[in-house]
file upload10.cif (mmCIF, C-alpha atoms)
data_input
loop_
_atom_site.label_atom_id
_atom_site.label_comp_id
_atom_site.auth_asym_id
_atom_site.auth_seq_id
_atom_site.Cartn_x
_atom_site.Cartn_y
_atom_site.Cartn_z
CA VAL A 1267 5.09 11.26 15.57
CA ALA A 1268 1.85 9.44 14.79
CA PHE A 1269 2.87 8.44 11.25
CA PRO A 1270 4.63 5.13 12.12
CA LEU A 1271 1.58 4.08 14.16
CA GLN A 1272 -0.76 4.96 11.29
CA LEU A 1273 1.44 3.06 8.85
CA PHE A 1274 1.32 -0.01 11.11
CA VAL A 1275 -2.48 0.21 11.36
CA MET A 1276 -2.71 0.61 7.58
CA GLY A 1277 -0.62 -2.54 7.27
CA ILE A 1278 -3.10 -4.49 9.41
CA ALA A 1279 -6.05 -3.07 7.46
CA THR A 1280 -4.50 -3.76 4.06
CA MET A 1281 -3.48 -7.27 5.04
CA GLY A 1282 -7.10 -8.22 5.67
CA GLY A 1283 -8.41 -6.24 2.71
CA VAL A 1284 -5.98 -7.60 0.11
CA GLY A 1285 -6.24 -11.17 1.40
CA ALA A 1286 -10.04 -11.13 1.45
CA ALA A 1287 -10.25 -9.38 -1.93
CA SER A 1288 -8.12 -12.07 -3.57
CA LEU A 1289 -10.30 -14.82 -2.12
CA VAL A 1290 -13.55 -13.03 -3.04
CA SER A 1291 -12.61 -12.44 -6.68
CA ARG A 1292 -11.32 -15.99 -7.18
CA SER A 1293 -14.41 -17.45 -5.49
CA LEU A 1294 -16.80 -15.39 -7.61
CA GLY A 1295 -14.91 -16.42 -10.73
CA ALA A 1296 -15.24 -20.07 -9.77
CA GLY A 1297 -18.96 -19.60 -9.08
CA ASP A 1298 -18.55 -20.30 -5.36
CA VAL A 1299 -20.63 -17.40 -4.00
CA ASP A 1300 -20.93 -18.96 -0.55
CA ARG A 1301 -17.15 -18.95 -0.08
CA ALA A 1302 -17.03 -15.30 -1.20
CA ASP A 1303 -19.71 -14.42 1.36
CA ARG A 1304 -17.84 -16.28 4.08
CA ALA A 1305 -14.65 -14.44 3.13
CA LEU A 1306 -16.48 -11.14 3.63
CA GLY A 1307 -17.92 -12.27 6.97
CA THR A 1308 -14.55 -13.50 8.20
CA LEU A 1309 -12.96 -10.23 7.16
CA VAL A 1310 -15.54 -8.24 9.17
CA THR A 1311 -14.94 -10.38 12.26
CA LEU A 1312 -11.14 -10.15 11.94
CA ALA A 1313 -11.23 -6.39 11.28
CA LEU A 1314 -13.41 -5.66 14.30
CA GLY A 1315 -11.42 -8.01 16.52
CA THR A 1316 -7.99 -6.65 15.58
CA GLY A 1317 -9.17 -3.04 15.41
CA ILE A 1318 -10.84 -3.02 18.82
CA SER A 1319 -7.91 -4.90 20.39
CA ALA A 1320 -5.36 -2.48 18.94
CA ALA A 1321 -7.38 0.53 20.10
CA ALA A 1322 -7.80 -0.87 23.62
CA LEU A 1323 -4.12 -1.75 23.97
CA GLY A 1324 -3.11 1.65 22.67
CA ARG A 1325 -5.30 3.43 25.21
CA LEU A 1326 -4.12 1.18 28.01
CA PHE A 1327 -0.44 1.72 27.26
CA LEU A 1328 -0.62 5.24 25.81
CA PRO A 1329 2.36 6.66 27.77
CA GLN A 1330 4.55 3.75 26.68
CA LEU A 1331 3.30 4.08 23.10
CA LEU A 1332 4.15 7.78 23.02
CA ALA A 1333 7.66 7.05 24.31
CA LEU A 1334 8.12 4.34 21.70
CA LEU A 1335 7.08 6.76 18.94
CA GLY A 1336 9.60 9.33 20.15
CA ALA A 1337 7.21 11.95 21.53
CA SER A 1338 8.97 14.23 24.01
CA GLY A 1339 9.37 17.83 25.08
CA GLU A 1340 6.91 20.33 23.61
CA ILE A 1341 5.51 17.72 21.21
CA LEU A 1342 4.47 15.27 23.94
CA PRO A 1343 1.14 16.85 25.05
CA TYR A 1344 0.03 17.42 21.45
CA ALA A 1345 1.00 13.90 20.44
CA GLY A 1346 -0.81 12.51 23.48
CA THR A 1347 -3.99 14.38 22.61
CA TYR A 1348 -3.89 13.49 18.91
CA ILE A 1349 -2.95 9.81 19.22
CA GLY A 1350 -5.28 9.30 22.18
CA ILE A 1351 -8.21 10.27 19.96
CA ILE A 1352 -6.92 8.62 16.77
CA LEU A 1353 -6.92 5.27 18.57
CA PHE A 1354 -10.74 5.39 18.70
CA GLY A 1355 -10.81 5.34 14.93
CA ILE A 1356 -8.67 2.22 14.43
CA PRO A 1357 -11.64 -0.22 14.28
CA PHE A 1358 -13.38 2.01 11.70
CA HIS A 1359 -10.18 2.36 9.68
CA VAL A 1360 -9.37 -1.35 9.59
CA LEU A 1361 -12.96 -2.30 8.73
CA GLY A 1362 -13.36 0.46 6.13
CA VAL A 1363 -10.18 -0.42 4.24
CA GLY A 1364 -11.09 -4.11 4.29
CA LEU A 1365 -14.64 -3.56 3.04
CA ASN A 1366 -13.51 -1.23 0.27
CA ASN A 1367 -11.07 -3.86 -1.00
CA THR A 1368 -13.85 -6.46 -1.19
CA VAL A 1369 -16.10 -3.98 -3.04
CA ARG A 1370 -13.33 -3.55 -5.59
CA ALA A 1371 -12.85 -7.31 -5.72
CA GLU A 1372 -16.47 -7.87 -6.76
CA GLY A 1373 -15.87 -5.49 -9.67
CA ASN A 1374 -17.62 -2.35 -8.43
CA ALA A 1375 -14.80 0.14 -8.88
CA ARG A 1376 -17.24 3.07 -8.90
CA VAL A 1377 -18.36 2.49 -5.30
CA ALA A 1378 -14.75 1.96 -4.22
CA MET A 1379 -13.78 5.29 -5.80
CA ILE A 1380 -16.71 7.11 -4.19
CA THR A 1381 -15.62 5.67 -0.83
CA MET A 1382 -12.20 7.28 -1.21
CA LEU A 1383 -13.80 10.60 -2.18
CA ILE A 1384 -16.11 10.49 0.84
CA SER A 1385 -13.19 9.90 3.17
CA ALA A 1386 -11.07 12.69 1.73
CA GLY A 1387 -13.99 15.10 1.32
CA ALA A 1388 -15.21 14.63 4.88
CA ASN A 1389 -11.73 15.29 6.22
CA MET A 1390 -11.39 18.45 4.12
CA VAL A 1391 -14.67 19.81 5.51
CA LEU A 1392 -14.37 18.68 9.13
CA ASP A 1393 -10.70 19.63 9.68
CA PRO A 1394 -11.10 23.43 9.42
CA LEU A 1395 -14.51 23.26 11.09
CA PHE A 1396 -13.26 21.41 14.17
CA ILE A 1397 -9.78 22.98 14.38
CA PHE A 1398 -10.75 26.62 13.83
CA GLY A 1399 -14.55 26.84 13.86
CA PHE A 1400 -15.01 24.97 17.14
CA GLY A 1401 -11.56 25.92 18.44
CA TRP A 1402 -10.58 22.32 19.24
CA GLY A 1403 -7.06 22.63 17.83
CA ILE A 1404 -5.11 19.40 17.48
CA ALA A 1405 -8.00 17.44 19.03
CA GLY A 1406 -10.22 18.73 16.23
CA ALA A 1407 -7.85 17.31 13.60
CA ALA A 1408 -8.01 13.92 15.30
CA TRP A 1409 -11.80 13.89 15.66
CA ALA A 1410 -12.19 14.89 12.01
CA THR A 1411 -10.17 11.83 11.00
CA VAL A 1412 -12.10 9.48 13.29
CA LEU A 1413 -15.51 10.72 12.08
CA SER A 1414 -14.42 10.47 8.44
CA GLN A 1415 -13.38 6.85 9.03
CA ALA A 1416 -16.71 6.11 10.71
CA LEU A 1417 -18.60 7.71 7.83
CA VAL A 1418 -16.84 5.39 5.38
CA VAL A 1419 -17.97 2.34 7.37
CA VAL A 1420 -21.57 3.61 7.40
CA TRP A 1421 -21.46 4.18 3.62
CA LEU A 1422 -19.98 0.75 2.87
CA GLY A 1423 -22.27 -0.98 5.36
CA ASN A 1424 -25.27 0.56 3.64
CA TYR A 1425 -23.96 -0.66 0.28
CA VAL A 1426 -23.48 -4.23 1.51
CA PHE A 1427 -26.88 -4.49 3.24
CA SER A 1428 -28.84 -2.59 0.59
CA GLY A 1429 -28.76 -5.50 -1.84
CA HIS A 1430 -26.62 -3.70 -4.44
CA SER A 1431 -23.55 -5.79 -3.59
CA ALA A 1432 -22.87 -9.15 -5.19
CA LEU A 1433 -21.97 -10.36 -1.69
CA LYS A 1434 -24.35 -11.12 1.18
CA LEU A 1435 -23.45 -10.74 4.83
CA LYS A 1436 -25.40 -12.94 7.24
CA ALA A 1437 -24.81 -13.83 10.88
CA GLU A 1438 -23.58 -17.30 9.93
CA HIS A 1439 -20.87 -15.75 7.73
CA LEU A 1440 -19.40 -13.87 10.72
CA VAL A 1441 -18.26 -17.13 12.32
CA PRO A 1442 -14.60 -17.31 11.26
CA ARG A 1443 -13.31 -20.45 9.56
CA MET A 1444 -9.65 -21.35 9.91
CA ASP A 1445 -9.19 -22.24 6.25
CA ILE A 1446 -10.49 -18.81 5.19
CA ILE A 1447 -8.45 -17.01 7.87
CA ARG A 1448 -5.37 -18.86 6.65
CA GLN A 1449 -5.95 -17.82 3.03
CA ILE A 1450 -6.63 -14.18 3.95
CA THR A 1451 -3.58 -13.79 6.17
CA THR A 1452 -1.25 -15.75 3.88
CA VAL A 1453 -2.01 -13.60 0.84
CA GLY A 1454 -2.40 -10.33 2.76
CA ALA A 1455 0.85 -10.76 4.71
CA SER A 1456 2.79 -9.37 1.75
CA GLU A 1457 1.05 -5.98 2.03
CA PHE A 1458 1.51 -5.87 5.80
CA ALA A 1459 5.20 -6.63 5.35
CA ARG A 1460 5.60 -4.02 2.62
CA LEU A 1461 4.02 -1.19 4.61
CA THR A 1462 5.78 -1.94 7.89
CA ALA A 1463 9.11 -2.42 6.09
CA THR A 1464 8.59 0.92 4.32
CA GLY A 1465 8.16 2.67 7.66
CA PHE A 1466 11.22 0.96 9.11
CA THR A 1467 13.49 1.67 6.15
CA ALA A 1468 12.36 5.30 6.01
CA THR A 1469 13.56 5.66 9.59
CA ILE A 1470 16.94 4.14 8.65
CA VAL A 1471 17.25 6.50 5.67
CA ILE A 1472 16.57 9.57 7.81
CA HIS A 1473 19.12 8.45 10.39
CA SER A 1474 21.71 7.82 7.63
CA MET A 1475 21.11 11.27 6.15
CA GLY A 1476 21.47 12.85 9.55
CA ARG A 1477 24.79 11.07 10.05
CA PHE A 1478 26.33 11.38 6.57
CA GLY A 1479 24.48 14.44 5.28
CA SER A 1480 22.67 17.43 6.72
CA PRO A 1481 19.17 18.63 7.63
CA MET A 1482 18.98 19.91 4.05
CA ALA A 1483 19.35 16.33 2.78
CA VAL A 1484 16.53 15.21 5.08
CA ALA A 1485 14.35 18.02 3.72
CA ALA A 1486 15.20 16.96 0.15
CA TYR A 1487 14.20 13.39 0.95
CA GLY A 1488 10.83 14.62 2.23
CA VAL A 1489 10.20 16.43 -1.06
CA ILE A 1490 11.37 13.47 -3.15
CA SER A 1491 9.03 11.11 -1.31
CA ARG A 1492 6.07 13.28 -2.24
CA VAL A 1493 7.20 13.69 -5.84
CA LEU A 1494 7.57 9.95 -6.31
CA SER A 1495 4.09 9.34 -4.93
CA VAL A 1496 2.66 11.30 -7.89
CA PHE A 1497 3.97 8.59 -10.22
CA PHE A 1498 3.64 5.69 -7.80
CA MET A 1499 -0.07 6.11 -7.05
CA PRO A 1500 -1.26 5.59 -10.67
CA MET A 1501 0.74 2.37 -10.76
CA MET A 1502 -0.95 1.23 -7.57
CA GLY A 1503 -4.28 2.13 -9.16
CA ILE A 1504 -3.52 -0.16 -12.09
CA SER A 1505 -2.44 -2.84 -9.62
CA GLN A 1506 -5.71 -2.59 -7.67
CA GLY A 1507 -7.66 -2.65 -10.92
CA LEU A 1508 -5.82 -5.78 -12.06
CA GLN A 1509 -6.48 -7.76 -8.86
CA PRO A 1510 -10.24 -8.40 -9.23
CA VAL A 1511 -10.05 -8.93 -13.01
CA LEU A 1512 -7.18 -11.39 -12.73
CA GLY A 1513 -8.56 -13.16 -9.66
CA TYR A 1514 -12.02 -13.59 -11.22
CA ASN A 1515 -10.74 -14.91 -14.55
CA TYR A 1516 -8.19 -17.18 -12.89
CA GLY A 1517 -10.91 -18.62 -10.67
CA ALA A 1518 -13.17 -19.09 -13.72
CA GLY A 1519 -10.44 -20.84 -15.70
CA GLN A 1520 -10.32 -18.04 -18.30
CA TRP A 1521 -6.56 -18.31 -18.78
CA GLY A 1522 -6.44 -16.21 -21.94
CA ARG A 1523 -8.25 -13.27 -20.34
CA ALA A 1524 -6.06 -13.58 -17.23
CA HIS A 1525 -2.94 -13.49 -19.39
CA LYS A 1526 -4.22 -10.48 -21.35
CA ALA A 1527 -5.04 -8.57 -18.15
CA ILE A 1528 -1.52 -9.14 -16.85
CA ARG A 1529 0.09 -8.09 -20.11
CA LEU A 1530 -1.92 -4.87 -20.38
CA SER A 1531 -1.20 -4.02 -16.74
CA VAL A 1532 2.54 -4.57 -17.14
CA ILE A 1533 2.59 -2.35 -20.22
CA ALA A 1534 0.54 0.42 -18.61
CA ALA A 1535 2.49 0.43 -15.34
CA THR A 1536 5.84 0.32 -17.15
CA VAL A 1537 4.84 3.25 -19.38
CA ILE A 1538 4.04 5.28 -16.26
CA SER A 1539 7.27 4.36 -14.47
CA ALA A 1540 9.36 4.98 -17.61
CA ALA A 1541 7.70 8.36 -18.16
CA GLY A 1542 8.32 9.19 -14.51
CA PHE A 1543 11.98 8.22 -14.89
CA LEU A 1544 12.44 10.55 -17.89
CA VAL A 1545 10.68 13.48 -16.22
CA LEU A 1546 12.66 13.08 -13.01
CA LEU A 1547 15.94 12.64 -14.90
CA PHE A 1548 15.65 15.72 -17.11
CA PHE A 1549 13.64 18.16 -14.98
CA PRO A 1550 14.66 17.67 -11.31
CA GLY A 1551 15.42 21.35 -10.73
CA LEU A 1552 12.08 22.44 -12.15
CA ILE A 1553 10.28 19.92 -9.96
CA PHE A 1554 12.02 21.08 -6.80
CA GLY A 1555 11.23 24.67 -7.71
CA VAL A 1556 7.55 23.89 -7.12
CA PHE A 1557 8.31 23.00 -3.49
CA THR A 1558 10.98 25.50 -2.48
CA ALA A 1559 12.77 28.67 -3.54
CA ASP A 1560 15.84 27.86 -1.42
CA PRO A 1561 18.77 27.53 -3.89
CA ASP A 1562 20.73 25.15 -1.64
CA LEU A 1563 17.77 22.81 -1.19
CA ARG A 1564 17.05 22.90 -4.92
CA ALA A 1565 20.68 22.06 -5.72
CA ILE A 1566 21.00 19.07 -3.38
CA GLY A 1567 17.45 17.98 -4.21
CA ALA A 1568 17.98 17.97 -7.98
CA LYS A 1569 21.22 16.01 -7.68
CA SER A 1570 19.82 13.46 -5.26
CA LEU A 1571 16.58 13.06 -7.23
CA ARG A 1572 18.50 12.12 -10.38
CA VAL A 1573 20.56 9.46 -8.60
CA MET A 1574 17.74 8.10 -6.46
CA THR A 1575 15.45 7.45 -9.44
CA LEU A 1576 17.91 5.77 -11.81
CA GLY A 1577 16.02 2.50 -11.36
CA PHE A 1578 12.52 4.01 -11.31
CA ALA A 1579 11.66 2.67 -14.77
CA PHE A 1580 11.50 -0.84 -13.28
CA ILE A 1581 9.04 0.04 -10.50
CA GLY A 1582 5.89 -0.50 -12.58
CA PHE A 1583 6.90 -4.05 -13.44
CA GLN A 1584 7.69 -4.80 -9.79
CA VAL A 1585 4.30 -3.53 -8.61
CA ILE A 1586 2.40 -5.69 -11.09
CA GLY A 1587 4.64 -8.67 -10.38
CA SER A 1588 3.74 -8.61 -6.69
CA THR A 1589 0.04 -8.09 -7.45
CA LEU A 1590 0.09 -11.08 -9.81
CA PHE A 1591 0.76 -13.51 -6.96
CA GLN A 1592 -1.64 -11.75 -4.56
CA ALA A 1593 -4.47 -12.07 -7.09
CA LEU A 1594 -3.73 -15.74 -7.69
CA GLY A 1595 -3.76 -16.46 -3.97
CA LYS A 1596 -0.06 -17.40 -3.84
CA GLY A 1597 1.04 -15.87 -0.58
CA ALA A 1598 4.65 -17.09 -0.38
CA PRO A 1599 5.98 -15.49 -3.60
CA ALA A 1600 3.87 -12.37 -2.98
CA LEU A 1601 5.42 -12.00 0.49
CA PHE A 1602 8.92 -12.65 -0.83
CA LEU A 1603 8.60 -10.02 -3.58
CA SER A 1604 7.15 -7.47 -1.16
CA MET A 1605 10.08 -8.00 1.19
CA SER A 1606 12.84 -8.37 -1.39
CA ARG A 1607 13.30 -4.71 -2.25
CA GLN A 1608 12.93 -3.18 1.21
CA VAL A 1609 14.55 -5.83 3.40
CA LEU A 1610 16.62 -8.22 1.28
CA PHE A 1611 18.30 -5.55 -0.87
CA PHE A 1612 17.66 -1.98 0.26
CA LEU A 1613 18.33 -2.39 3.98
CA PRO A 1614 21.85 -3.89 3.57
CA LEU A 1615 22.67 -1.39 0.82
CA VAL A 1616 21.61 1.68 2.81
CA ILE A 1617 23.71 0.46 5.74
CA VAL A 1618 26.85 -0.42 3.75
CA LEU A 1619 27.03 2.09 0.87
CA PRO A 1620 26.99 5.29 3.00
CA ARG A 1621 29.94 3.97 4.97
CA LEU A 1622 31.86 3.61 1.71
CA LEU A 1623 30.60 6.63 -0.24
CA GLY A 1624 29.05 8.97 2.32
CA LEU A 1625 25.75 10.69 1.47
CA PRO A 1626 25.81 9.60 -2.23
CA GLY A 1627 25.72 6.04 -0.94
CA VAL A 1628 22.31 6.70 0.61
CA TRP A 1629 20.95 7.86 -2.75
CA LEU A 1630 22.58 5.00 -4.69
CA ALA A 1631 20.96 2.41 -2.43
CA PHE A 1632 17.57 3.21 -4.02
CA PRO A 1633 18.32 2.42 -7.70
CA ALA A 1634 20.53 -0.53 -6.76
CA ALA A 1635 17.67 -2.08 -4.78
CA ASP A 1636 15.24 -1.33 -7.62
CA VAL A 1637 17.37 -3.13 -10.22
CA LEU A 1638 18.09 -6.16 -8.04
CA SER A 1639 14.44 -6.48 -7.02
CA ALA A 1640 13.35 -6.19 -10.67
CA LEU A 1641 15.62 -9.09 -11.59
CA VAL A 1642 14.17 -11.29 -8.85
CA THR A 1643 10.65 -10.28 -9.84
CA PHE A 1644 11.37 -11.17 -13.47
CA VAL A 1645 12.46 -14.68 -12.54
CA LEU A 1646 9.33 -15.46 -10.51
CA PHE A 1647 7.06 -13.57 -12.92
CA SER A 1648 8.36 -15.46 -15.95
CA LYS A 1649 7.86 -18.80 -14.25
CA GLN A 1650 4.26 -17.95 -13.36
CA MET A 1651 3.51 -16.65 -16.86
CA ARG A 1652 4.84 -19.85 -18.41
CA GLU A 1653 2.44 -21.76 -16.18
CA LEU A 1654 -0.46 -19.63 -17.41
CA CYS A 1655 0.66 -20.17 -20.99
CA ARG A 1656 0.62 -23.93 -20.52
CA LEU A 1657 -2.93 -23.69 -19.23
CA GLU A 1658 -3.92 -21.38 -22.07
CA ALA A 1659 -2.19 -23.60 -24.66
CA SER A 1660 -1.68 -20.68 -27.04
CA PRO A 1661 1.40 -20.61 -29.32
CA SER A 1662 1.52 -16.79 -29.26
CA CYS A 1663 1.64 -16.80 -25.47
CA GLU A 1664 5.24 -18.00 -25.31
CA SER A 1665 6.52 -14.90 -27.09
CA PHE A 1666 5.47 -12.69 -24.16
CA THR A 1667 7.18 -14.77 -21.49
CA GLY A 1668 10.29 -15.49 -23.48
#

call {"tool": "encode", "arguments": {"input": "upload10.cif", "output": "structure tokens"}}
result
Amino acid sequence: VAFPLQLFVMGIATMGGVGAASLVSRSLGAGDVDRADRALGTLVTLALGTGISAAALGRLFLPQLLALLGASGEILPYAGTYIGIILFGIPFHVLGVGLNNTVRAEGNARVAMITMLISAGANMVLDPLFIFGFGWGIAGAAWATVLSQALVVVWLGNYVFSGHSALKLKAEHLVPRMDIIRQITTVGASEFARLTATGFTATIVIHSMGRFGSPMAVAAYGVISRVLSVFFMPMMGISQGLQPVLGYNYGAGQWGRAHKAIRLSVIAATVISAAGFLVLLFFPGLIFGVFTADPDLRAIGAKSLRVMTLGFAFIGFQVIGSTLFQALGKGAPALFLSMSRQVLFFLPLVIVLPRLLGLPGVWLAFPAADVLSALVTFVLFSKQMRELCRLEASPSCESFTG
């Protein structure tokens, strides 16, 4: 019940983090350290403002929020307890995600990685302690999450103020400037749109499966989503690694290095997505066997997994294509690419195809959207790469863009 709310909050956090990270890396590359510092300060102010406001509104309208999220019956008291506590952690979550993106943007991937390990490790320790050791039950799970989020902010705050960061945070930097706010929100809007659209389309898919399929199909979709994340997360890691390198070199006018970073990222992400496609195509039954021994679930899962991932080989290219425009500070194409797959293509397909083909239409909507989105990405990507090649003025550059 809480997942759509958490996805929405993650969208807000990532919007600020990605937007600020793009501005920080480009500013550092251009040698404008003051603008990078002001981007960090503006991010902190925006994160605290939006996080505290969201938490306060959620507490004020908690009954209405629970109804909107679909909490009812036996679930309602548990959802009320859990979400009521989780709301306290929203400011920490939004600020922590934003700060970690800026740490990555300044090139300190080690600290960013440690931050993620601290968050996960604290949760792993505090969850059983609070739930079972203290006997707090569902409230313990919520408090473990909130304290883990707070611990991340303390860790990152110590890093920023300790002098180890390339960025400096002073009181004057906390005064938001409209031009910086505009750049952060314009570039970061693509990530907010992607995450919220993902939550919305997942709801549509589940409803379609319930109408044209069976509870077994819904269970299969749950397994498939987790399987795909195994291959999707490394591609996102490459994407996040590309952003500061590309933004810095683009800001510094190092067109050749920017072009090389993009090329290597496209190759690496495509290798991962292509390998994932082959594994999922030839071993779907084996994969489902890890999750369930139910023969019916394995049968429908293997069949649906094959169809659903027919376009998976193109995912790596799409991820890097969207990141390309985020890193360069070009919000409009980044937003369009983030929305194209989920909203422009997938949403109409998942509404129309099941009415024509039944349950197979739900599965076919995924690869169809992947292929169409890849074509659109290729058009915008090629145009941007040709622009970089003109700046680089290298004869060998044209061969990559075609």

call {"tool": "residues_around", "arguments": {"input": "upload10.cif", "residues": "segment 1385-1393 of chain A", "least_positions_apart": "6", "cutoff": "9 Å", "atoms": "all atoms listed in the file", "output": "MDAnalysis selection string"}}
result
chainID A and resid 1406:1411 1413:1415 1417:1418

call {"tool": "closest_residue", "arguments": {"input": "upload10.cif", "among": "A:Ala1565, A:Leu1383, A:Leu1422, A:Ile1581", "to": "Phe1543 of chain A", "atoms": "only C-alpha atoms"}}
result
A:Ile1581

call {"tool": "atom_distance", "arguments": {"input": "upload10.cif", "atom1": "atom CA of Ala1333 of chain A", "atom2": "atom CA of Val1489 of chain A"}}
result
27.2 Å

call {"tool": "resolve_selection", "arguments": {"input": "upload10.cif", "expression": "the PyMOL selection byres ((chain A and resi 1490) around 9)", "output": "mmCIF file with C-alpha atoms, keeping the file's coordinate frame"}}
result
data_model
loop_
_atom_site.group_PDB
_atom_site.id
_atom_site.type_symbol
_atom_site.label_atom_id
_atom_site.label_comp_id
_atom_site.auth_asym_id
_atom_site.auth_seq_id
_atom_site.Cartn_x
_atom_site.Cartn_y
_atom_site.Cartn_z
ATOM 1 C CA ALA A 1485 14.350 18.020 3.720
ATOM 2 C CA ALA A 1486 15.200 16.960 0.150
ATOM 3 C CA TYR A 1487 14.200 13.390 0.950
ATOM 4 C CA GLY A 1488 10.830 14.620 2.230
ATOM 5 C CA VAL A 1489 10.200 16.430 -1.060
ATOM 6 C CA SER A 1491 9.030 11.110 -1.310
ATOM 7 C CA ARG A 1492 6.070 13.280 -2.240
ATOM 8 C CA VAL A 1493 7.200 13.690 -5.840
ATOM 9 C CA LEU A 1494 7.570 9.950 -6.310
ATOM 10 C CA SER A 1495 4.090 9.340 -4.930
ATOM 11 C CA PHE A 1554 12.020 21.080 -6.800
ATOM 12 C CA GLY A 1567 17.450 17.980 -4.210
ATOM 13 C CA SER A 1570 19.820 13.460 -5.260
ATOM 14 C CA LEU A 1571 16.580 13.060 -7.230
ATOM 15 C CA MET A 1574 17.740 8.100 -6.460
#

call {"tool": "resolve_selection", "arguments": {"input": "upload10.cif", "expression": "the PyMOL selection byres ((chain A and resi 1283) around 8)", "output": "VMD selection string"}}
result
chain A and resid 1279 to 1282 1284 to 1287 1309 1363 to 1368 1454

call {"tool": "write_last_selection", "arguments": {"input": "upload10.cif", "atoms": "C-alpha atoms", "output": "CSV table (one decimal), in the coordinates of the input"}}
result
chain,number,residue,atom,x,y,z
A,1279,ALA,CA,-6.0,-3.1,7.5
A,1280,THR,CA,-4.5,-3.8,4.1
A,1281,MET,CA,-3.5,-7.3,5.0
A,1282,GLY,CA,-7.1,-8.2,5.7
A,1284,VAL,CA,-6.0,-7.6,0.1
A,1285,GLY,CA,-6.2,-11.2,1.4
A,1286,ALA,CA,-10.0,-11.1,1.4
A,1287,ALA,CA,-10.2,-9.4,-1.9
A,1309,LEU,CA,-13.0,-10.2,7.2
A,1363,VAL,CA,-10.2,-0.4,4.2
A,1364,GLY,CA,-11.1,-4.1,4.3
A,1365,LEU,CA,-14.6,-3.6,3.0
A,1366,ASN,CA,-13.5,-1.2,0.3
A,1367,ASN,CA,-11.1,-3.9,-1.0
A,1368,THR,CA,-13.8,-6.5,-1.2
A,1454,GLY,CA,-2.4,-10.3,2.8

call {"tool": "resolve_selection", "arguments": {"input": "upload10.cif", "expression": "the PyMOL selection byres ((chain A and resi 1512) around 10)", "output": "VMD selection string"}}
result
chain A and resid 1288 1291 to 1292 1295 1371 1507 to 1511 1513 to 1518 1520 to 1521 1523 to 1528 1589 to 1590 1592 to 1594

call {"tool": "residues_around", "arguments": {"input": "upload10.cif", "residues": "Phe1602 of chain A", "least_positions_apart": "5", "cutoff": "10 Å", "atoms": "only C-alpha atoms", "output": "NGL selection string"}}
result
:A and (1455-1456 or 1459-1460 or 1588 or 1597 or 1607 or 1609-1610 or 1642-1643)

call {"tool": "residues_around", "arguments": {"input": "upload10.cif", "residues": "Gly1324 of chain A", "least_positions_apart": "5", "cutoff": "8 Å", "atoms": "only C-alpha atoms", "output": "list of chain:residue names"}}
result
A:Leu1331, A:Gly1350, A:Leu1353

call {"tool": "atom_distance", "arguments": {"input": "upload10.cif", "atom1": "atom CA of Lys1596 of chain A", "atom2": "atom CA of Asp1636 of chain A"}}
result
22.5 Å

call {"tool": "residues_around", "arguments": {"input": "upload10.cif", "residues": "Ala1568 of chain A", "least_positions_apart": "5", "cutoff": "12 Å", "atoms": "all atoms listed in the file", "output": "ChimeraX atom specification"}}
result
/A:1483,1486-1487,1489-1490,1493,1545-1555,1557-1558,1561-1563,1573-1575,1629

call {"tool": "atom_distance", "arguments": {"input": "upload10.cif", "atom1": "atom CA of Lys1436 of chain A", "atom2": "atom CA of Ser1319 of chain A"}}
result
23.3 Å

call {"tool": "closest_residue", "arguments": {"input": "upload10.cif", "among": "A:Ile1397, A:Leu1314, A:Ile1470, A:Ile1356", "to": "Leu1440 of chain A", "atoms": "only C-alpha atoms"}}
result
A:Leu1314

call {"tool": "closest_residue", "arguments": {"input": "upload10.cif", "among": "A:Leu1273, A:Ile1617, A:Ala1598, A:Met1502", "to": "Thr1536 of chain A", "atoms": "only C-alpha atoms"}}
result
A:Met1502

call {"tool": "axis_aligned_box", "arguments": {"input": "upload10.cif", "around": "segment 1346-1359 of chain A", "padding_each_side": "3 Å", "output": "lines of an AutoDock Vina configuration file"}}
result
center_x = -7.1
center_y = 7.1
center_z = 16.6
size_x = 18.6
size_y = 20.6
size_z = 19.8

call {"tool": "residues_near_point", "arguments": {"input": "upload10.cif", "point": "(7.2, -12.4, -11.8)", "cutoff": "9 Å", "atoms": "only C-alpha atoms", "output": "list in words"}}
result
Phe1583, Gln1584, Ile1586, Gly1587, Ser1588, Leu1590, Phe1591, Pro1599, Leu1603, Ala1640, Val1642, Thr1643, Phe1644, Val1645, Leu1646, Phe1647, Ser1648, Lys1649, Gln1650 and Met1651 of chain A
